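Here's the structure we're looking at; comments come further down.
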Amino acid sequence: MKKIKRIAAVAAAVAVGSASLLTFSACSNSTDKIVLRVCNWEEYVDLGEWDEEERIEIDNEYAEDGIFGENSMVDDFVEWFNSTHDYEVQVEYSTFGTNEDLYNRLSLGDVYDLVCPSDYMIMKLIAEGNYVDYTADFWADNEQNYYANYVSRYIDGDEGSIYNGYGWHGKAACYMWGTLGLVYNPEEVDAEDVSSWSMLLNDKYARKVTVKDNVRDAYFATLGILNDEKLKNGGLAAEELSAIMNDTDSETIAAAEDILKRIKDNVYSFETDSGKADMVTGKVVANEQWSGDAVYIMDEAEEDGAELWYSVPEECTNIWFDGWIKLKNGVEWSERRHEAAEAFVNFLARPDNAVRNMYYIGYTSAIAGQTVFDYLEYNYAADEDAEETFEYDLNYFFGDGKNYSITADASCFDIGDDNSINRGRQLFAQYPPESVIARSVVMLDFGDKLGEINQMWINVRCLDLLDISPVTVGVTCAVIGVIAIAALLYAFRYKIFIRNNPRKGYQISK
C-alpha cells in the first residue's frame with residue numbers, strides 16, 4: 001500500500017485558533033474589491049508548507065508536476081480569483097470549534113458570508129430562513145463550476161442524492177462527509193466486541209475506552225445500545241431506521257440517561273480531542289470517533305509502527321455531512337458577492353484541491369472524479385507482492401459509467417464470508433462500503449427537544465447529588481466537621497499563645 005505521511009494539523013490549530021481571524025488579500029492599489037467573510041471548522045483546510053517528499057505524483061489537468069500544497073488554500077484561492085476576474089477579493093477567514101459555537105456567534109451578531117456547519121445545523125439555519133440559495137450560474141455548464149461538475153451524485157445533484165432527500169440541494173454545497181464508529185487496537189480488542197456500540201458498557205475494557213464529549217454522538221451510540229436487537233435483525237426501511245436513531249421521546253431520553261451514566265462509570269473519559277493522542281500512545285484501546293479523525297489516528301499510529309483499525313458497529317452508524325451555506329444575515333448580497341462566495345466553494349471543489357484538503361486533514365471530500373480516484377489508488381492500491389487482494393467497490397460514490405474499484409490489500413479489511421466488511425483500515429474509514437451506507441442515518445436537529453436532551457446531558461456529565469449514597473454523604477460531612485473543629489481549636493490556641501507572649505508586630509485586639 002503506497003502510504004504517504006500526512007501533515008499533522010497541530011500547527012494549524014495554533015496558527016488559526018477557534019476565534020482567530022486571518023485576512024488573505026493580494027497586493028493591489030485597487031479599491032474595487034469584495035471582502036468575503038468565511039468561517040470554517042478548525043484544522044479543516046490545507047494550510048500549505050508541505051515538504052517536497054509529500055508531493056502527490058499523480059497525473060491531473062491542474063498541476064503538471066503533481067499535487068503540492070506550498071501555500072495556504074485560502075491564499076491560493078485569492079491569487080486564482082484575482083487572476084481570473086475583473087475585480088479582486090479579500091478573504092477574512094476565521095474558524096469555530098463546534099456547531100453550537102458558530103450558532104452562538106451568529107446569534108450575538110457576528111457577520112459571515114459563507115460558513116461550513118454540519119448537517120443538523122444546516123437544517124436549523126434553513127428552517128430559520130438564514131440562507132441564500134446558490135445561483136443558477138453555480139450550476140451552469142461552465143468548466144470552472146467544479147462543484148457542479150465533480151460532486152458525487154450519491155451526495156448531491158441527482159434526484160436520489162442525499163442532499164435532495166433532505167432538501168439541502170441548492171441551499172448548501174457539501175464539503176466533507178463521513179461516518180461515526182470506533183477506532184481500536186486489534187491486539188487488545190476482540191473484533192466481536194467492537195462490532196457493537198455495547199462495547200462502551202463492556203467491563204472487559206473498563207477505563208480503557210473514550211467517548212466523544214458531546215451530547216449528539218454520545219446519544220446516538222446510546223440509541224444503538226437501546227435498540228440493538230431490532231437494529232441487528234436488519235431489514236429496516238430507511239424511514240424506520242431514521243425514526244429509531246432520531247427518537248427524542250421523553251421515555252427514550254430518560255432511558256438514554258441511565259445508559260449514559262453507566263457508560264460514564266465504565267469508560268476512561270468523555271473527550272473532545274484527547275482521544276486521538278490517547279489511542280496513538282496506547283493509553284486507551286478504543287475510541288468513539290469520526291471517520292476522518294480515525295484516519296488521522298491510524299496514520300499517526302502507523303508512523304510509530306502500530307496498527308489500529310476502524311469499526312462501524314453493526315447496529316447503525318451516523319452518516320454526517322459538512323457543507324457550505326451562504327448566510328442571509330451576512331452583508332448585502334450583490335452579484336459580485338454571490339460570485340465570490342460561489343467561486344470559493346468551487347475552488348475547494350477543484351479535484352486537485354479536494355485531494356490537497358483530504359491529504360491535509362484526513363477527512364473525505366464530497367468531490368468525485370478521476371483525479372480523486374487516482375489519489376485513492378496512489379494511496380491504497382495493493383503492492384505487487386501482496387499475498388491476497390480484494391476488489392473494493394466504490395462505484396456508488398464515483399460511478400459515471402466506468403468501473404471504479406480499487407484492488408486493495410485484503411489484509412486491510414475484516415472480510416466476512418459474504419464479502420461484507422464492517423471493519424478495516426484507512427480506505428474503509430474514508431469510503432465505507434455500500435453495506436455500511438445501507439445502515440447509516442443522518443442525525444437530525446433535536447428541535448424543541450433540545451432543552452430536554454441538554455438537561456439529560458447535564459445530569460450525565462455533572463455530579464448528581466441524588467446519586468450519592470447516604471453513607472458517602474455522612475462520611476463526607478463528618479470529615480468536613482472534623483476539619484472545621486480542628487481549625488477552630490488551632491485558632492483558639494494560637495490566640496492564647498500570642499496573648500501570653502506579646503511581641504511587637506504580634507499584638508491582637510481583645
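Following the order of the C-alpha cells, first chain is A, next is B, and so on, with residues numbered from 1 inside each chain and ligands from 1 in the order they appear.
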
Per residue of range 95-146 of chain A within 8 Å of range 322-339 of chain A, which atom pair is closest and at what distance in Å (one decimal), using only C-alpha atoms, listed by chain and increasing number, as a tab-separated table?
```
residue	atom	partner	partner_atom	distance
A:Val111	CA	A:Gly330	CA	5.2
A:Tyr112	CA	A:Gly330	CA	5.3
A:Asp113	CA	A:Gly330	CA	5.1
A:Leu114	CA	A:Lys326	CA	4.7
A:Val115	CA	A:Trp324	CA	5.6
A:Cys116	CA	A:Trp324	CA	4.4
A:Pro117	CA	A:Asp322	CA	5.5
A:Ser118	CA	A:Asp322	CA	4.2
A:Asp119	CA	A:Asp322	CA	6.0
A:Ile122	CA	A:Ile325	CA	7.5
A:Gly129	CA	A:Lys328	CA	7.6
A:Asn130	CA	A:Lys328	CA	4.9
A:Tyr131	CA	A:Leu327	CA	4.4
A:Val132	CA	A:Lys328	CA	5.3
A:Asp133	CA	A:Lys326	CA	7.3
A:Tyr134	CA	A:Lys326	CA	7.8
A:Thr135	CA	A:His338	CA	7.6
```

All helix (DSSP H, G or I) positions in range 193-439 of chain A, as a VMD selection string: chain A and resid 193 to 195 197 to 201 203 to 205 215 to 226 228 to 232 238 to 245 250 to 266 274 to 281 291 to 303 335 to 349 351 to 361 370 to 380 395 to 398 410 to 412 426 to 430 434 to 437

All residues 9 Å or closer to Pro433 in chain A, only C-alpha atoms, same chain fewer than 2 positions away omitted, as an MDAnalysis selection string: chainID A and resid 392:394 396 420:422 428 431 435:438

Residue nearest Leu182 in chain A among A:Thr281, A:Ser195, A:Thr248, A:Thr222 (counting only C-alpha atoms):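 For Leu182 in chain A, the nearest of the candidates is A:Ser195.
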
Exercise: Arg425 in chain A partners within 7 Å, only C-alpha atoms, chain neighbours under 5 positions left out, as a PyMOL selection string: chain A and resi 309-310+412-413

Output file for the selection above: N, CA and C atoms, as a PDB file, in the first residue's frame:
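Dumped everything to out.pdb:
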```pdb
ATOM      1  N   TRP A 309      -7.300  -0.018  13.846  1.00  0.00           N
ATOM      2  CA  TRP A 309      -8.377  -0.261  12.902  1.00  0.00           C
ATOM      3  C   TRP A 309      -9.589   0.594  13.249  1.00  0.00           C
ATOM      4  N   TYR A 310     -10.538   0.617  12.304  1.00  0.00           N
ATOM      5  CA  TYR A 310     -11.786   1.378  12.471  1.00  0.00           C
ATOM      6  C   TYR A 310     -12.965   0.444  12.245  1.00  0.00           C
ATOM      7  N   CYS A 412      -6.145  -5.421   4.835  1.00  0.00           N
ATOM      8  CA  CYS A 412      -6.600  -4.128   5.375  1.00  0.00           C
ATOM      9  C   CYS A 412      -8.084  -4.139   5.714  1.00  0.00           C
ATOM     10  N   PHE A 413      -8.749  -5.286   5.567  1.00  0.00           N
ATOM     11  CA  PHE A 413     -10.178  -5.387   5.835  1.00  0.00           C
ATOM     12  C   PHE A 413     -10.475  -6.665   6.614  1.00  0.00           C
TER      13      PHE A 413
END
```

Ser311 in chain A environment, 12 Å, only C-alpha atoms, sequence neighbours closer than 6 positions dropped, as a ChimeraX atom specification: /A:179-186,189-197,199,286-291,294-295,317,413-414,421-426,428-430,432,436

Surrounding residues of Tyr175 in chain A excluding itself and chain neighbours under 2 positions, 10 Å, only C-alpha atoms, as JSON, numbers by chain: {"A": [44, 116, 117, 118, 147, 151, 172, 173, 177, 321, 322, 323, 324, 345, 348, 349, 354, 363, 364, 365, 366, 367]}

Minimum-distance residue to Glu240 in chain A, chosen among A:Lys171, A:Arg439, A:Arg216, A:Arg461 (using only C-alpha atoms): A:Arg439

Residue with smallest distance to Asp137 in chain A - pool A:Asn346, A:Asn454, A:Asn395, A:Asn164, counting only C-alpha atoms: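 Closest to Asp137 in chain A of all the choices is A:Asn346.
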
CA of Gly399 in chain A to CA of Ala368 in chain A, distance in Å rounded to a single decimal: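 CA of Gly399 in chain A sits 8.7 Å away from CA of Ala368 in chain A.
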
Contact residues around Val211 in chain A with only C-alpha atoms at 10 Å, ignoring same-chain residues under 3 positions, as an MDAnalysis selection string: chainID A and resid 182 200 214 217:218 221 263:264 267:272 275 286:289

Nearest residue to Tyr296 in chain A from the set A:Ile253, A:Ala343, A:Val280, A:Ile319 (distances using only C-alpha atoms): A:Val280

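Between Asn202 in chain A and the residues A:Arg105, A:Arg153, A:His169, A:Arg262, the shortest atom-to-atom distance, using only C-alpha atoms, involves A:Arg262.
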
Option closest in space to Asn266 in chain A, from A:Trp50, A:Val209, A:Ile297, A:Val215 [counting only C-alpha atoms]: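 Among the listed residues, A:Val209 lies closest to Asn266 in chain A.
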
Filtered DSSP result for range 18-172 of chain A, state strand (DSSP E or B), as a PyMOL selection string: chain A and resi 21-25+33-41+56+67+88-96+114-115+118+132+151
